[in-house]
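Heads up, the thing below is written out as structure tokens.
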Amino acid sequence: MKKIISILITLILIFALFCVPASAAGTGTLALSNAEGKQGDTVTVNVNLNSNPGLITMKFTVSWDTSLELTGVSNAGLLAGWTTPAPTISSPYTVRWADSLATTNNTKTGKIATLTFKIKDSATIGNHNVTITFSESRDASGSKNTFSNATATVKVKCKTHNYGNYTKKDATNHTRTCSACGNIETNAHTWDNGTINKTANCKEVGNKHYTCTAIGCGATKDVAIAKTNTHTFGAWTQSKAPSCTTKGQETRTCSICNKVEKRDVKATGHKLGAWTQTKAPTCDAKGEQQRACSKCSYKEVKNVDALGHKFSNPTVTKEPTCTETGIETGKCTVCGKETTNTIKATGHKMGAATVTKEATCLEAGKKTGKCTVCGKTSDETIPAKGHSYGEAVVQKEATETEEGLSVKTCSACGDKVEEVIPVIAKPAEESSNNMIIIIIAAAAVLVIGGVAAVVIAKKKKK
């Protein structure tokens, strides 16, 4: 298997060599990123490929001034063929990529390398240059590319600044300047706790005066203190008395701003006396009771339920049956009125049900019950049982070319269900080998066709 795959890869590479066209050489752009740090710091400068006409090799040199020390160069991985730089680093320093066996151009852009510099402790304060000078670049056809040179600035600041006093810049910030390098540091004012010039109350805005605590700044600001929401109220006084059903009202006034607050006073509610009977109830008619509020003219009235007739020894004049109501007649012992009452029907009393038709796998059965009082019958359905199939029995075994067959049988009614057994799959190894042979054959045809096309083209040129 490994030999076959190796042959296939070789054939595809040969075909690619005959078919890939060469790109024309062109002009590209290199760029460097700026950096800054203090004396003794380590900083990085990125080498970027901003435009790329297509290349397989790249070479340039790096140079820097004496305030800096190049401590390392790392490959960003964008270009292939990185050549490990010389261990001894001095200015100018050569950086190279050479992907000489490549047949296609690399047209990527972005960071290609990182230069690491140490700012010397003795470095002078200010800007120092790092320069890359283009040396050589070729594309896949062997043609030369041209790239621009690039320069970056490494700004060196004091390791330890020597700042003087702060000076007010504006209402928000103050500044101070380093006497060694001239670096200007800007910071926000740091205010003291402030002094209240005027206390705020519920009527007027107050005022608070702040001074910046930074030495030499002298900035000040006045901040308004919002009116308070705290009033100085007097006692509540009643402005409207409540009644049994309506709310009353109370008010109070702030002694500073004269703000008036109002609040409702709940209605007192009725003060009702005891219930007294104003109409006595009878057997058929409701009675009435009444009570009155002692503070106003409000009255409440409620009904008293009728007493209802009281019978003694009622007589059944019609017996109830399973489906029909009965009647009883009696005489009220209170008012002497004769009246009748309805007796509820007794309802059927069904005996045990008898199966009149057995249920099968597909058909429902039936059972019948009978009332023990009136003899009325009632039918009830018995649900169908459904088939009860056993295990499948193979009637015909499946092969690699034909399907098999199995049968399940219902143990109750003998109903049969057939199931198809799928064809047995061929081994995966045989299919895999056939596919490899087809791929090799196709690749060979492509290679032979490509070689033939090249030979014909050469003959035509002659």
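Going by the structure tokens order, chains are called A, B, ..., each with residues numbered from 1, while ligands are numbered from 1 in the order shown.
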What residues in range 149-337 of chain A get the DSSP label strand (DSSP E)? Please answer as a PyMOL selection string. chain A and resi 150-157+167-168+173-177+184-188+195-198+206-211+220-225+237-240+248-253+260-265+276-279+287-292+299-304+315-318+326-331
Taking 3 positions as the minimum chain separation for residues in the same chain, which residues sit within 9 Å of Val334 in chain A when counting only C-alpha atoms? Answer as a PyMOL selection string. chain A and resi 283+309-311+331+337
Keeping only N, CA, C and O atoms, take the residues you just selected and write them out as a PDB file, in the first residue's frame.
ATOM      1  N   CYS A 283     -93.443  29.652  56.400  1.00  0.00           N
ATOM      2  CA  CYS A 283     -93.008  28.405  55.737  1.00  0.00           C
ATOM      3  C   CYS A 283     -92.603  28.673  54.295  1.00  0.00           C
ATOM      4  O   CYS A 283     -91.651  28.081  53.783  1.00  0.00           O
ATOM      5  N   HIS A 309     -91.706  23.963  55.086  1.00  0.00           N
ATOM      6  CA  HIS A 309     -92.730  23.119  55.707  1.00  0.00           C
ATOM      7  C   HIS A 309     -92.107  21.988  56.511  1.00  0.00           C
ATOM      8  O   HIS A 309     -91.035  21.504  56.171  1.00  0.00           O
ATOM      9  N   LYS A 310     -92.793  21.635  57.566  1.00  0.00           N
ATOM     10  CA  LYS A 310     -92.372  20.497  58.397  1.00  0.00           C
ATOM     11  C   LYS A 310     -93.447  19.428  58.308  1.00  0.00           C
ATOM     12  O   LYS A 310     -94.573  19.615  58.786  1.00  0.00           O
ATOM     13  N   PHE A 311     -93.091  18.304  57.666  1.00  0.00           N
ATOM     14  CA  PHE A 311     -94.048  17.210  57.462  1.00  0.00           C
ATOM     15  C   PHE A 311     -93.983  16.213  58.599  1.00  0.00           C
ATOM     16  O   PHE A 311     -92.925  15.992  59.200  1.00  0.00           O
ATOM     17  N   LYS A 331     -98.559  16.683  55.193  1.00  0.00           N
ATOM     18  CA  LYS A 331     -99.225  17.881  55.684  1.00  0.00           C
ATOM     19  C   LYS A 331     -98.277  18.608  56.635  1.00  0.00           C
ATOM     20  O   LYS A 331     -97.666  17.992  57.514  1.00  0.00           O
ATOM     21  N   LYS A 337    -100.575  23.211  55.516  1.00  0.00           N
ATOM     22  CA  LYS A 337    -100.657  23.077  54.066  1.00  0.00           C
ATOM     23  C   LYS A 337    -100.241  21.693  53.630  1.00  0.00           C
ATOM     24  O   LYS A 337     -99.264  21.152  54.107  1.00  0.00           O
TER      25      LYS A 337
END
Could you tell me how far CA of Asn229 in chain A sits from CA of Tyr210 in chain A, in Å to one decimal place? 24.0 Å
Need to verify the contact set: Gly287 in chain A, 7 Å, only C-alpha atoms, exclusion of same-chain residues closer than 5 positions in sequence. Can you return it as a PDB file with all heavy atoms, in the first residue's frame?
ATOM      1  N   LYS A 279     -89.478  41.784  59.832  1.00  0.00           N
ATOM      2  CA  LYS A 279     -90.497  40.956  59.187  1.00  0.00           C
ATOM      3  C   LYS A 279     -90.180  39.506  59.495  1.00  0.00           C
ATOM      4  O   LYS A 279     -89.082  39.035  59.199  1.00  0.00           O
ATOM      5  CB  LYS A 279     -90.512  41.194  57.675  1.00  0.00           C
ATOM      6  CG  LYS A 279     -91.533  40.359  56.929  1.00  0.00           C
ATOM      7  CD  LYS A 279     -91.443  40.624  55.421  1.00  0.00           C
ATOM      8  CE  LYS A 279     -92.405  39.744  54.645  1.00  0.00           C
ATOM      9  NZ  LYS A 279     -92.275  39.959  53.177  1.00  0.00           N
ATOM     10  N   ALA A 280     -91.177  38.808  60.093  1.00  0.00           N
ATOM     11  CA  ALA A 280     -90.957  37.409  60.473  1.00  0.00           C
ATOM     12  C   ALA A 280     -91.082  36.500  59.255  1.00  0.00           C
ATOM     13  O   ALA A 280     -91.950  36.705  58.404  1.00  0.00           O
ATOM     14  CB  ALA A 280     -91.967  36.993  61.535  1.00  0.00           C
ATOM     15  N   PRO A 281     -90.256  35.445  59.122  1.00  0.00           N
ATOM     16  CA  PRO A 281     -90.369  34.500  58.006  1.00  0.00           C
ATOM     17  C   PRO A 281     -91.528  33.529  58.239  1.00  0.00           C
ATOM     18  O   PRO A 281     -91.938  33.283  59.373  1.00  0.00           O
ATOM     19  CB  PRO A 281     -89.024  33.782  58.034  1.00  0.00           C
ATOM     20  CG  PRO A 281     -88.612  33.809  59.467  1.00  0.00           C
ATOM     21  CD  PRO A 281     -89.121  35.111  60.014  1.00  0.00           C
ATOM     22  N   ASN A 303     -82.178  39.481  54.232  1.00  0.00           N
ATOM     23  CA  ASN A 303     -83.284  38.523  54.243  1.00  0.00           C
ATOM     24  C   ASN A 303     -83.021  37.396  55.221  1.00  0.00           C
ATOM     25  O   ASN A 303     -81.867  37.014  55.461  1.00  0.00           O
ATOM     26  CB  ASN A 303     -83.517  37.941  52.857  1.00  0.00           C
ATOM     27  CG  ASN A 303     -84.045  38.978  51.876  1.00  0.00           C
ATOM     28  OD1 ASN A 303     -84.829  39.842  52.269  1.00  0.00           O
ATOM     29  ND2 ASN A 303     -83.610  38.902  50.623  1.00  0.00           N
ATOM     30  N   VAL A 304     -84.084  36.845  55.757  1.00  0.00           N
ATOM     31  CA  VAL A 304     -84.031  35.652  56.614  1.00  0.00           C
ATOM     32  C   VAL A 304     -84.727  34.541  55.840  1.00  0.00           C
ATOM     33  O   VAL A 304     -85.848  34.730  55.334  1.00  0.00           O
ATOM     34  CB  VAL A 304     -84.738  35.896  57.962  1.00  0.00           C
ATOM     35  CG1 VAL A 304     -84.673  34.630  58.822  1.00  0.00           C
ATOM     36  CG2 VAL A 304     -84.107  37.076  58.681  1.00  0.00           C
ATOM     37  N   ASP A 305     -84.084  33.394  55.687  1.00  0.00           N
ATOM     38  CA  ASP A 305     -84.642  32.304  54.888  1.00  0.00           C
ATOM     39  C   ASP A 305     -86.019  31.889  55.394  1.00  0.00           C
ATOM     40  O   ASP A 305     -86.306  31.925  56.612  1.00  0.00           O
ATOM     41  CB  ASP A 305     -83.714  31.092  54.918  1.00  0.00           C
ATOM     42  CG  ASP A 305     -82.420  31.364  54.172  1.00  0.00           C
ATOM     43  OD1 ASP A 305     -82.398  32.278  53.316  1.00  0.00           O
ATOM     44  OD2 ASP A 305     -81.409  30.667  54.458  1.00  0.00           O
ATOM     45  N   ALA A 306     -86.898  31.487  54.431  1.00  0.00           N
ATOM     46  CA  ALA A 306     -88.206  30.918  54.792  1.00  0.00           C
ATOM     47  C   ALA A 306     -87.995  29.679  55.655  1.00  0.00           C
ATOM     48  O   ALA A 306     -87.001  28.964  55.514  1.00  0.00           O
ATOM     49  CB  ALA A 306     -88.996  30.581  53.540  1.00  0.00           C
TER      50      ALA A 306
END
Of A:Ala241, A:Leu55, A:Ala219, A:Leu70, the one nearest to Thr103 in chain A when counting only C-alpha atoms is A:Leu55
